[in-house]
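> Got a structure for you, upload_29.cif, holding mmCIF, C-alpha atoms.
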```cif
data_data
loop_
_atom_site.label_atom_id
_atom_site.label_comp_id
_atom_site.auth_asym_id
_atom_site.auth_seq_id
_atom_site.Cartn_x
_atom_site.Cartn_y
_atom_site.Cartn_z
CA MET W 1 0.31 -3.43 21.96
CA ARG W 2 0.82 -1.61 25.22
CA ILE W 3 3.42 1.16 25.42
CA TYR W 4 3.07 2.48 28.98
CA ASP W 5 -0.36 4.15 29.08
CA GLU W 6 -0.92 3.94 25.31
CA THR W 7 -2.66 1.00 23.67
CA LEU W 8 -1.81 0.71 19.99
CA LYS W 9 -3.42 -1.31 17.24
CA SER W 10 -0.30 -1.37 15.09
CA ARG W 11 2.64 -3.47 16.25
CA LEU W 12 5.04 -1.76 13.88
CA MET W 13 7.04 1.33 14.79
CA LEU W 14 8.82 3.12 12.00
CA GLY W 15 11.89 5.34 11.84
CA THR W 16 11.78 8.56 9.85
CA ALA W 17 15.41 8.93 8.75
CA ARG W 18 17.08 8.51 5.34
CA TYR W 19 14.00 8.58 3.10
CA PRO W 20 14.46 9.82 -0.47
CA SER W 21 12.06 12.73 0.16
CA PRO W 22 9.68 14.08 2.79
CA GLN W 23 6.71 13.07 0.64
CA ILE W 24 7.91 9.46 0.39
CA LEU W 25 8.43 9.44 4.15
CA LYS W 26 4.86 10.58 4.66
CA GLN W 27 3.47 7.99 2.25
CA ALA W 28 5.56 5.26 3.84
CA ILE W 29 4.30 6.11 7.32
CA LEU W 30 0.72 5.89 6.10
CA ALA W 31 1.37 2.64 4.18
CA SER W 32 3.00 1.04 7.22
CA GLY W 33 0.02 1.67 9.45
CA ALA W 34 2.46 2.67 12.22
CA GLU W 35 0.97 4.76 15.01
CA ILE W 36 4.35 5.73 16.45
CA VAL W 37 7.41 6.96 14.55
CA THR W 38 10.85 7.66 15.91
CA VAL W 39 12.31 11.15 15.71
CA SER W 40 15.52 12.78 16.82
CA LEU W 41 17.13 16.13 17.62
CA ARG W 42 20.08 17.78 15.96
CA ARG W 43 21.81 21.15 16.01
CA GLU W 44 20.00 23.86 14.11
CA ALA W 45 21.37 27.14 12.82
CA ALA W 46 19.38 30.35 13.26
CA GLY W 47 16.84 30.84 10.46
CA GLU W 48 17.29 27.29 9.19
CA ARG W 49 13.76 26.14 10.09
CA ALA W 50 14.46 22.57 8.96
CA GLY W 51 13.25 21.28 12.32
CA GLN W 52 9.95 23.13 12.01
CA LYS W 53 9.34 21.77 8.50
CA PHE W 54 10.03 18.21 9.57
CA TRP W 55 7.89 18.57 12.69
CA ASP W 56 5.01 19.98 10.61
CA LEU W 57 5.23 17.01 8.24
CA ILE W 58 5.09 14.49 11.07
CA ARG W 59 2.14 16.24 12.64
CA GLU W 60 0.28 16.12 9.32
CA THR W 61 0.41 12.31 9.47
CA GLY W 62 -1.31 12.30 12.87
CA VAL W 63 1.05 9.70 14.37
CA LYS W 64 2.64 9.85 17.81
CA VAL W 65 6.36 10.41 18.11
CA LEU W 66 9.02 8.53 19.99
CA PRO W 67 12.15 10.68 20.40
CA ASN W 68 15.41 8.79 20.45
CA THR W 69 18.81 9.53 21.95
CA ALA W 70 20.65 8.21 18.90
CA GLY W 71 24.34 8.97 18.77
CA CYS W 72 24.69 9.37 22.53
CA HIS W 73 27.71 7.55 23.97
CA SER W 74 27.46 8.63 27.60
CA VAL W 75 24.81 8.65 30.30
CA ARG W 76 25.00 12.41 30.67
CA GLU W 77 24.60 13.00 26.95
CA ALA W 78 21.65 10.62 26.73
CA VAL W 79 19.90 12.10 29.77
CA THR W 80 20.33 15.69 28.55
CA THR W 81 19.14 14.74 25.07
CA ALA W 82 16.07 13.04 26.55
CA GLN W 83 15.27 16.12 28.61
CA MET W 84 15.57 18.35 25.55
CA ALA W 85 13.44 15.96 23.49
CA ARG W 86 10.70 15.97 26.13
CA GLU W 87 10.41 19.73 25.89
CA VAL W 88 10.41 19.84 22.09
CA PHE W 89 8.15 16.86 21.40
CA ARG W 90 6.01 17.12 24.53
CA THR W 91 6.09 13.44 25.37
CA ASN W 92 7.49 11.45 28.27
CA LEU W 93 8.31 8.57 25.93
CA VAL W 94 11.95 8.14 24.98
CA LYS W 95 13.77 5.50 22.99
CA LEU W 96 16.88 5.36 25.09
CA GLU W 97 20.10 4.59 23.27
CA VAL W 98 23.46 4.68 25.01
CA ILE W 99 25.91 3.40 22.43
CA GLY W 100 28.97 1.53 23.65
CA ASP W 101 30.74 0.29 20.54
CA ALA W 102 31.46 2.24 17.38
CA ASP W 103 31.56 -0.72 14.99
CA THR W 104 28.46 -2.59 16.08
CA LEU W 105 26.59 0.31 17.71
CA GLN W 106 25.96 -2.15 20.53
CA PRO W 107 24.28 -0.57 23.55
CA ASP W 108 26.44 0.19 26.59
CA LEU W 109 24.29 -1.84 28.97
CA PHE W 110 25.89 -0.38 32.11
CA GLY W 111 25.23 3.18 30.94
CA LEU W 112 21.78 2.19 29.71
CA VAL W 113 20.72 0.94 33.14
CA GLU W 114 22.07 4.07 34.83
CA ALA W 115 20.39 6.42 32.36
CA THR W 116 17.13 4.47 32.64
CA ARG W 117 17.16 4.89 36.42
CA ILE W 118 17.78 8.64 36.17
CA LEU W 119 15.11 9.19 33.52
CA THR W 120 12.47 6.98 35.13
CA GLU W 121 12.85 8.85 38.41
CA ASP W 122 12.37 12.05 36.41
CA GLY W 123 9.03 10.83 35.02
CA PHE W 124 10.17 9.51 31.65
CA GLN W 125 8.67 6.41 30.05
CA VAL W 126 11.75 4.63 28.78
CA LEU W 127 11.86 2.24 25.83
CA ALA W 128 15.33 0.80 26.24
CA TYR W 129 17.35 -0.14 23.18
CA THR W 130 19.20 -3.12 24.60
CA THR W 131 20.62 -6.52 23.72
CA GLU W 132 19.14 -9.92 24.56
CA ASP W 133 21.20 -9.99 27.79
CA LEU W 134 18.87 -11.23 30.53
CA VAL W 135 20.84 -9.78 33.42
CA ALA W 136 20.77 -6.31 31.88
CA ALA W 137 17.07 -6.81 31.19
CA ASP W 138 16.46 -7.60 34.87
CA ARG W 139 18.34 -4.44 35.87
CA LEU W 140 16.38 -2.34 33.39
CA VAL W 141 13.10 -3.61 34.78
CA GLU W 142 14.31 -2.93 38.33
CA ALA W 143 15.17 0.61 37.17
CA GLY W 144 11.56 1.10 36.10
CA CYS W 145 11.69 0.29 32.40
CA ARG W 146 8.50 -1.30 31.07
CA VAL W 147 9.38 -1.63 27.38
CA LEU W 148 12.52 -3.49 26.35
CA MET W 149 13.75 -3.36 22.78
CA PRO W 150 16.51 -5.91 22.16
CA TRP W 151 18.40 -5.69 18.90
CA GLY W 152 17.80 -8.24 16.17
CA SER W 153 21.28 -7.49 14.86
CA PRO W 154 23.40 -4.31 14.60
CA ILE W 155 21.61 -1.12 13.53
CA GLY W 156 21.33 -0.84 9.77
CA SER W 157 22.92 -4.25 9.14
CA ALA W 158 19.79 -5.90 7.68
CA ARG W 159 20.99 -9.22 9.08
CA GLY W 160 17.70 -10.09 10.76
CA LEU W 161 17.58 -11.98 14.06
CA ASN W 162 21.16 -12.95 14.96
CA ASN W 163 20.28 -14.72 18.18
CA VAL W 164 16.90 -16.36 18.03
CA TYR W 165 17.68 -18.42 21.10
CA GLY W 166 18.45 -15.28 23.12
CA LEU W 167 15.33 -13.50 21.93
CA ARG W 168 13.20 -16.54 22.75
CA ALA W 169 14.75 -16.74 26.22
CA MET W 170 13.99 -13.08 26.81
CA ARG W 171 10.37 -13.56 25.78
CA ALA W 172 10.09 -16.52 28.15
CA ARG W 173 11.70 -14.57 31.03
CA PHE W 174 9.38 -11.59 30.66
CA PRO W 175 6.02 -12.96 29.51
CA ASP W 176 4.07 -9.86 30.53
CA LEU W 177 6.51 -7.12 29.59
CA THR W 178 6.21 -5.27 26.29
CA LEU W 179 9.10 -6.46 24.10
CA LEU W 180 9.96 -5.20 20.64
CA VAL W 181 12.75 -6.24 18.34
CA ASP W 182 14.57 -3.09 17.33
CA ALA W 183 17.38 -2.82 14.80
CA GLY W 184 18.85 -5.12 12.19
CA ILE W 185 15.60 -5.96 10.43
CA GLY W 186 16.17 -6.14 6.68
CA VAL W 187 13.14 -7.75 5.07
CA PRO W 188 9.57 -8.48 6.12
CA SER W 189 10.33 -12.13 6.88
CA HIS W 190 12.69 -10.96 9.67
CA ALA W 191 9.84 -8.97 11.20
CA ALA W 192 7.45 -11.89 10.84
CA GLN W 193 9.97 -14.15 12.59
CA ALA W 194 10.19 -11.74 15.54
CA MET W 195 6.43 -11.68 15.80
CA GLU W 196 6.22 -15.49 15.58
CA LEU W 197 8.54 -15.62 18.61
CA GLY W 198 5.87 -13.75 20.51
CA TYR W 199 7.39 -10.30 20.46
CA ASP W 200 4.85 -7.55 20.90
CA GLY W 201 6.17 -5.54 17.99
CA VAL W 202 9.09 -4.47 15.87
CA LEU W 203 10.80 -1.15 15.31
CA LEU W 204 12.59 -0.66 12.03
CA SER W 205 13.85 2.16 9.92
CA SER W 206 16.47 1.61 7.21
CA ALA W 207 14.75 -1.49 5.84
CA VAL W 208 11.93 0.73 4.61
CA ALA W 209 13.72 4.04 4.08
CA LEU W 210 16.53 2.57 1.98
CA ALA W 211 14.43 0.11 -0.01
CA GLY W 212 14.11 0.81 -3.72
CA ASN W 213 10.43 1.49 -3.14
CA PRO W 214 9.95 2.54 0.49
CA VAL W 215 6.17 2.86 0.28
CA THR W 216 5.69 -0.67 -1.06
CA MET W 217 8.18 -2.02 1.49
CA ALA W 218 6.29 -0.24 4.28
CA ARG W 219 3.16 -2.09 3.24
CA GLY W 220 5.12 -5.34 3.07
CA PHE W 221 6.26 -4.88 6.66
CA ARG W 222 2.77 -4.02 7.79
CA LEU W 223 1.46 -7.30 6.38
CA ALA W 224 4.42 -9.31 7.71
CA VAL W 225 3.98 -7.98 11.23
CA GLU W 226 0.28 -8.80 11.13
CA ALA W 227 0.96 -12.26 9.68
CA GLY W 228 3.63 -13.02 12.27
CA ARG W 229 1.38 -11.96 15.11
CA LEU W 230 -1.50 -14.07 13.82
CA ALA W 231 0.85 -17.04 13.58
CA PHE W 232 1.95 -16.57 17.19
CA GLU W 233 -1.63 -16.28 18.41
CA ALA W 234 -2.63 -19.37 16.42
CA ASP W 235 -0.14 -21.66 18.25
CA PRO W 236 1.99 -22.83 15.32
CA LEU W 237 2.94 -26.37 14.43
CA GLN W 238 6.32 -27.30 15.88
CA PRO W 239 9.11 -28.55 13.61
CA ARG W 240 9.90 -32.25 13.59
CA ASP W 241 12.68 -34.29 12.09
CA MET W 242 10.68 -36.73 9.97
CA ALA W 243 7.76 -36.41 7.60
CA GLU W 244 4.24 -36.85 8.80
CA ALA W 245 1.72 -37.44 6.05
CA SER W 246 -0.85 -34.70 5.78
CA THR W 247 -3.21 -36.84 3.72
CA PRO W 248 -4.82 -39.59 5.78
CA VAL W 249 -3.68 -43.08 4.77
CA LEU W 250 -6.66 -44.84 6.32
CA GLY W 251 -8.76 -46.27 3.55
CA GLN W 252 -6.09 -45.86 0.90
CA ALA W 253 -6.45 -48.45 -1.91
CA LEU W 254 -3.80 -51.14 -2.24
CA LEU W 255 -2.67 -50.76 -5.83
CA GLY W 256 0.64 -52.57 -5.77
CA GLY W 257 2.90 -49.91 -4.23
CA ALA W 258 5.02 -50.22 -1.08
CA VAL W 259 3.24 -49.76 2.26
CA PHE W 260 5.14 -47.62 4.81
CA ALA W 261 2.68 -47.81 7.69
CA MET Z 1 31.38 38.18 24.75
CA ARG Z 2 32.70 35.11 23.02
CA ILE Z 3 30.65 31.97 23.34
CA ILE Z 4 30.53 28.60 21.63
CA LEU Z 5 27.30 28.12 19.67
CA ASN Z 6 26.63 24.58 18.46
CA GLY Z 7 30.36 23.91 18.54
CA GLU Z 8 31.38 27.05 16.65
CA PRO Z 9 32.77 30.33 18.08
CA ALA Z 10 30.24 33.16 18.16
CA GLU Z 11 29.97 36.68 19.59
CA VAL Z 12 26.97 37.96 21.53
CA SER Z 13 26.31 41.05 23.62
CA ALA Z 14 23.27 39.59 25.38
CA ALA Z 15 23.56 38.81 29.07
CA THR Z 16 21.01 35.98 29.26
CA LEU Z 17 20.36 32.85 27.26
CA ALA Z 18 16.94 34.11 26.13
CA ALA Z 19 18.39 37.43 24.95
CA ALA Z 20 21.21 35.62 23.14
CA LEU Z 21 18.68 33.47 21.26
CA ASP Z 22 16.88 36.63 20.13
CA GLU Z 23 20.14 38.28 19.15
CA LEU Z 24 21.27 35.23 17.18
CA GLY Z 25 17.99 35.12 15.27
CA TYR Z 26 16.31 32.06 16.74
CA GLY Z 27 12.56 32.64 16.59
CA GLU Z 28 9.70 30.76 18.14
CA GLY Z 29 10.43 27.49 16.36
CA PRO Z 30 10.56 24.15 18.09
CA PHE Z 31 13.99 23.85 19.65
CA ALA Z 32 15.55 23.07 23.00
CA THR Z 33 18.61 24.55 24.64
CA ALA Z 34 21.52 23.37 26.74
CA LEU Z 35 24.14 25.47 28.45
CA ASN Z 36 27.50 23.88 29.20
CA HIS Z 37 26.02 20.41 28.61
CA ASP Z 38 23.05 20.90 30.93
CA PHE Z 39 19.47 21.22 29.67
CA VAL Z 40 17.93 24.65 30.21
CA PRO Z 41 14.12 24.53 30.02
CA ALA Z 42 12.46 27.25 27.92
CA GLY Z 43 10.98 28.80 31.04
CA GLU Z 44 14.41 29.32 32.60
CA ARG Z 45 16.19 30.95 29.65
CA ARG Z 46 15.38 34.50 30.78
CA GLU Z 47 17.05 34.03 34.15
CA ARG Z 48 20.07 32.10 32.90
CA GLN Z 49 23.07 34.46 32.79
CA LEU Z 50 25.79 33.91 30.21
CA ALA Z 51 29.51 34.05 30.87
CA GLU Z 52 32.54 34.27 28.60
CA GLY Z 53 33.26 30.95 26.93
CA ASP Z 54 29.84 29.40 27.66
CA ALA Z 55 28.82 26.58 25.32
CA ILE Z 56 25.26 26.81 24.03
CA GLU Z 57 23.59 23.97 22.19
CA ILE Z 58 20.40 24.56 20.23
CA ILE Z 59 18.75 21.47 18.83
CA ALA Z 60 15.59 21.00 16.81
CA PRO Z 61 13.47 18.10 15.51
CA MET Z 62 15.11 15.88 12.95
CA GLN Z 63 14.51 12.53 11.30
CA GLY Z 64 15.47 9.60 13.49
CA GLY Z 65 15.65 5.83 13.44
#
```
I'd like the structure from this file rewritten - as structure tokens, please.

Amino acid sequence: MRIYDETLKSRLMLGTARYPSPQILKQAILASGAEIVTVSLRREAAGERAGQKFWDLIRETGVKVLPNTAGCHSVREAVTTAQMAREVFRTNLVKLEVIGDADTLQPDLFGLVEATRILTEDGFQVLAYTTEDLVAADRLVEAGCRVLMPWGSPIGSARGLNNVYGLRAMRARFPDLTLLVDAGIGVPSHAAQAMELGYDGVLLSSAVALAGNPVTMARGFRLAVEAGRLAFEADPLQPRDMAEASTPVLGQALLGGAVFA
Amino acid sequence: MRIILNGEPAEVSAATLAAALDELGYGEGPFATALNHDFVPAGERRERQLAEGDAIEIIAPMQGG
């Protein structure tokens, strides 16, 4: 999977929030096989050192980080957060979130396009958290975005892929662009479905972090993402309305039953 | 002078952002700063003068989704 100038073997990106403990987070990252994890920035009091401890833990895993602008509701807030993240995490990558609706955490697509333009011109490599809206996607690409991450369903909802048609249309519109489904994944079958649609990867967080056993679930997602990708590459059988016998009928003995041929 | 530090009132005598960070006890740790909603790169903190009522934000790595 290509993320700007990085080529990754794993097609799974993992969030780092809401794990039961730092140790379980670390084990889950390793079990998932993810090469990129998402991180964030929050206020820190003097002497607190929580940020340093978390940063040390992530570095121990050896994975790359993708800072997000989670919680930002305006272009200015998102741009400033991205600039601060670039300095702290020393990467030009940013998962750009400009949230427009408090209930669904739906991206503000107008603000997203504007922030993408500003950040791209400033040398950032933007991974845009967006919807399946094709017009917004066109604008994001025009603004210099090379990785689009449409939602499967609202963040943390575990509803899976709400709009398979829309996601399929987006894949068809941008055959060469890196596309990941981000948000709303609940179980590995959701991730496999996204991969079967031809998405380059998935980004998920709560589905692993809030599972009863995050480490086992991380492994489940790893296998599902691999299985879904293999299915896509193997050109799957298309659904049909009626049965088609899988066992050849040619040469079948006539033993008194009905013949349907 | 009175400033706003991470949304809370605070008192500093330092004249620059860098000096205020020292005075407030922020060490070398990984963090980034903003002054009145604008990012201030680490290399510019020594030149950035503070004024009464300035809002400083200091943010550090945290778990994210």
> Given the file shown, enumerate the residues that the PyMOL selection byres ((chain Z) within 8 of (chain W)) captures and present them as a list in words.
Asn6, Leu24, Gly25, Tyr26, Gly27, Gly29, Pro30, Phe31, Ala32, Thr33, Ala34, His37, Asp38, Phe39, Pro41, Glu57, Ile58, Ile59, Ala60, Pro61, Met62, Gln63, Gly64 and Gly65 of chain Z
> For stretch 161-178 of chain W, please output as a list in words all residues within 8 Å (counting only C-alpha atoms; exclusion window: fewer than 4 positions along the same chain).
Met1, Arg2, Ile3, Glu132, Asp133, Leu134, Arg146, Val147, Leu148, Pro150, Trp151, Gly152, Ser153, Gly184, Ile185, His190, Ala194, Leu197, Gly198, Tyr199 and Asp200 of chain W
> Report as a list in words all protein, DNA and RNA residues lying within 7 Å of Z:Leu50, evaluated on all atoms listed in the file, omitting residues in the same chain fewer than 4 positions from it.
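Listed by chain and then number, they are Ala15, Thr16, Leu17 and Asp54 of chain Z.
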> Would you mind reading off the distance between atom CA of W:Pro20 and atom CA of W:Arg219, one decimal, in Å?
16.8 Å
> Name all residues at most 8 Å from W:Thr130 (count only C-alpha atoms; drop same-chain ones fewer than 6 positions away) and give them as a list in words.
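Once the nearby chain positions are removed, what remains is Glu97, Gln106, Pro107, Leu109, Leu112, Ala137, Leu148, Met149, Pro150 and Trp151 of chain W.
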> Run the PyMOL selection byres ((chain W and resi 229) around 8) against the file shown and list the residues it catches, as an NGL selection string.
:W and (192 or 195-196 or 198 or 225-228 or 230-233)
> Could you work out how far atom CA of W:His73 lies from atom CA of W:Asp108, giving the answer in Å with one decimal?
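About the pair atom CA of W:Asp108 and atom CA of W:His73: they are 7.9 Å apart.
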> Figure out the distance between atom CA of W:Leu105 and atom CA of W:Pro154, please, to one decimal in Å.
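Atom CA of W:Leu105 lies at a distance of 6.4 Å from atom CA of W:Pro154.
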> Let me know the residues the PyMOL selection byres ((chain W and resi 139) around 10) catches in the file above, as a list in words.
Leu109, Phe110, Leu112, Val113, Glu114, Thr116, Arg117, Leu134, Val135, Ala136, Ala137, Asp138, Leu140, Val141, Glu142, Ala143, Gly144 and Cys145 of chain W
> Using only C-alpha atoms, find the one residue out of W:Met217, W:Val75, W:Ile118, W:Val202 that sits nearest to W:Ile36.
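Closest to W:Ile36 of all the choices is W:Val202.
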> Rebuild stretch 240-251 of chain W to all heavy atoms - output it as an mmCIF file, in the frame of the given file, please.

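So the final result, stored in part.cif, reads:
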```cif
data_model
loop_
_atom_site.group_PDB
_atom_site.id
_atom_site.type_symbol
_atom_site.label_atom_id
_atom_site.label_comp_id
_atom_site.auth_asym_id
_atom_site.auth_seq_id
_atom_site.Cartn_x
_atom_site.Cartn_y
_atom_site.Cartn_z
ATOM 1 N N ARG W 240 9.533 -30.893 13.223
ATOM 2 C CA ARG W 240 9.900 -32.250 13.590
ATOM 3 C C ARG W 240 10.919 -32.752 12.582
ATOM 4 O O ARG W 240 11.077 -32.170 11.514
ATOM 5 C CB ARG W 240 8.677 -33.153 13.661
ATOM 6 C CG ARG W 240 7.719 -33.045 12.492
ATOM 7 C CD ARG W 240 6.478 -33.879 12.667
ATOM 8 N NE ARG W 240 6.807 -35.303 12.615
ATOM 9 C CZ ARG W 240 6.152 -36.245 13.290
ATOM 10 N NH1 ARG W 240 5.156 -35.909 14.076
ATOM 11 N NH2 ARG W 240 6.493 -37.508 13.192
ATOM 12 N N ASP W 241 11.588 -33.821 12.932
ATOM 13 C CA ASP W 241 12.680 -34.290 12.090
ATOM 14 C C ASP W 241 12.199 -35.091 10.882
ATOM 15 O O ASP W 241 12.817 -35.071 9.828
ATOM 16 C CB ASP W 241 13.656 -35.146 12.900
ATOM 17 C CG ASP W 241 14.454 -34.301 13.877
ATOM 18 O OD1 ASP W 241 14.615 -33.096 13.603
ATOM 19 O OD2 ASP W 241 14.892 -34.843 14.909
ATOM 20 N N MET W 242 11.127 -35.852 11.041
ATOM 21 C CA MET W 242 10.680 -36.730 9.970
ATOM 22 C C MET W 242 9.328 -36.286 9.427
ATOM 23 O O MET W 242 8.587 -35.561 10.081
ATOM 24 C CB MET W 242 10.564 -38.176 10.505
ATOM 25 C CG MET W 242 11.882 -38.770 10.947
ATOM 26 S SD MET W 242 13.041 -38.899 9.568
ATOM 27 C CE MET W 242 14.567 -39.178 10.469
ATOM 28 N N ALA W 243 9.025 -36.770 8.258
ATOM 29 C CA ALA W 243 7.760 -36.410 7.600
ATOM 30 C C ALA W 243 6.582 -36.998 8.370
ATOM 31 O O ALA W 243 6.695 -38.041 9.021
ATOM 32 C CB ALA W 243 7.751 -36.931 6.175
ATOM 33 N N GLU W 244 5.486 -36.315 8.269
ATOM 34 C CA GLU W 244 4.240 -36.850 8.800
ATOM 35 C C GLU W 244 3.181 -36.572 7.732
ATOM 36 O O GLU W 244 2.914 -35.400 7.421
ATOM 37 C CB GLU W 244 3.871 -36.162 10.113
ATOM 38 C CG GLU W 244 2.631 -36.769 10.741
ATOM 39 C CD GLU W 244 2.271 -36.106 12.074
ATOM 40 O OE1 GLU W 244 1.879 -34.936 12.058
ATOM 41 O OE2 GLU W 244 2.403 -36.773 13.114
ATOM 42 N N ALA W 245 2.636 -37.614 7.183
ATOM 43 C CA ALA W 245 1.720 -37.440 6.050
ATOM 44 C C ALA W 245 0.568 -36.524 6.403
ATOM 45 O O ALA W 245 -0.024 -36.640 7.483
ATOM 46 C CB ALA W 245 1.192 -38.801 5.600
ATOM 47 N N SER W 246 0.277 -35.592 5.520
ATOM 48 C CA SER W 246 -0.850 -34.700 5.780
ATOM 49 C C SER W 246 -2.139 -35.286 5.226
ATOM 50 O O SER W 246 -3.223 -34.948 5.683
ATOM 51 C CB SER W 246 -0.578 -33.323 5.161
ATOM 52 O OG SER W 246 -0.235 -33.454 3.808
ATOM 53 N N THR W 247 -2.015 -36.191 4.247
ATOM 54 C CA THR W 247 -3.210 -36.840 3.720
ATOM 55 C C THR W 247 -3.413 -38.151 4.467
ATOM 56 O O THR W 247 -2.498 -38.975 4.556
ATOM 57 C CB THR W 247 -3.031 -37.143 2.215
ATOM 58 O OG1 THR W 247 -2.771 -35.920 1.545
ATOM 59 C CG2 THR W 247 -4.282 -37.799 1.631
ATOM 60 N N PRO W 248 -4.594 -38.362 5.024
ATOM 61 C CA PRO W 248 -4.820 -39.590 5.780
ATOM 62 C C PRO W 248 -4.590 -40.838 4.919
ATOM 63 O O PRO W 248 -4.951 -40.848 3.742
ATOM 64 C CB PRO W 248 -6.300 -39.495 6.185
ATOM 65 C CG PRO W 248 -6.610 -38.036 6.115
ATOM 66 C CD PRO W 248 -5.762 -37.479 5.025
ATOM 67 N N VAL W 249 -3.933 -41.844 5.511
ATOM 68 C CA VAL W 249 -3.680 -43.080 4.770
ATOM 69 C C VAL W 249 -4.774 -44.126 5.011
ATOM 70 O O VAL W 249 -4.868 -45.110 4.280
ATOM 71 C CB VAL W 249 -2.299 -43.678 5.132
ATOM 72 C CG1 VAL W 249 -1.179 -42.789 4.627
ATOM 73 C CG2 VAL W 249 -2.183 -43.896 6.623
ATOM 74 N N LEU W 250 -5.576 -43.892 6.026
ATOM 75 C CA LEU W 250 -6.660 -44.840 6.320
ATOM 76 C C LEU W 250 -7.607 -44.908 5.120
ATOM 77 O O LEU W 250 -8.069 -43.883 4.631
ATOM 78 C CB LEU W 250 -7.418 -44.366 7.571
ATOM 79 C CG LEU W 250 -8.447 -45.341 8.132
ATOM 80 C CD1 LEU W 250 -7.756 -46.587 8.698
ATOM 81 C CD2 LEU W 250 -9.293 -44.679 9.217
ATOM 82 N N GLY W 251 -7.841 -46.094 4.666
ATOM 83 C CA GLY W 251 -8.760 -46.270 3.550
ATOM 84 C C GLY W 251 -8.105 -46.158 2.185
ATOM 85 O O GLY W 251 -8.766 -46.209 1.157
#
```
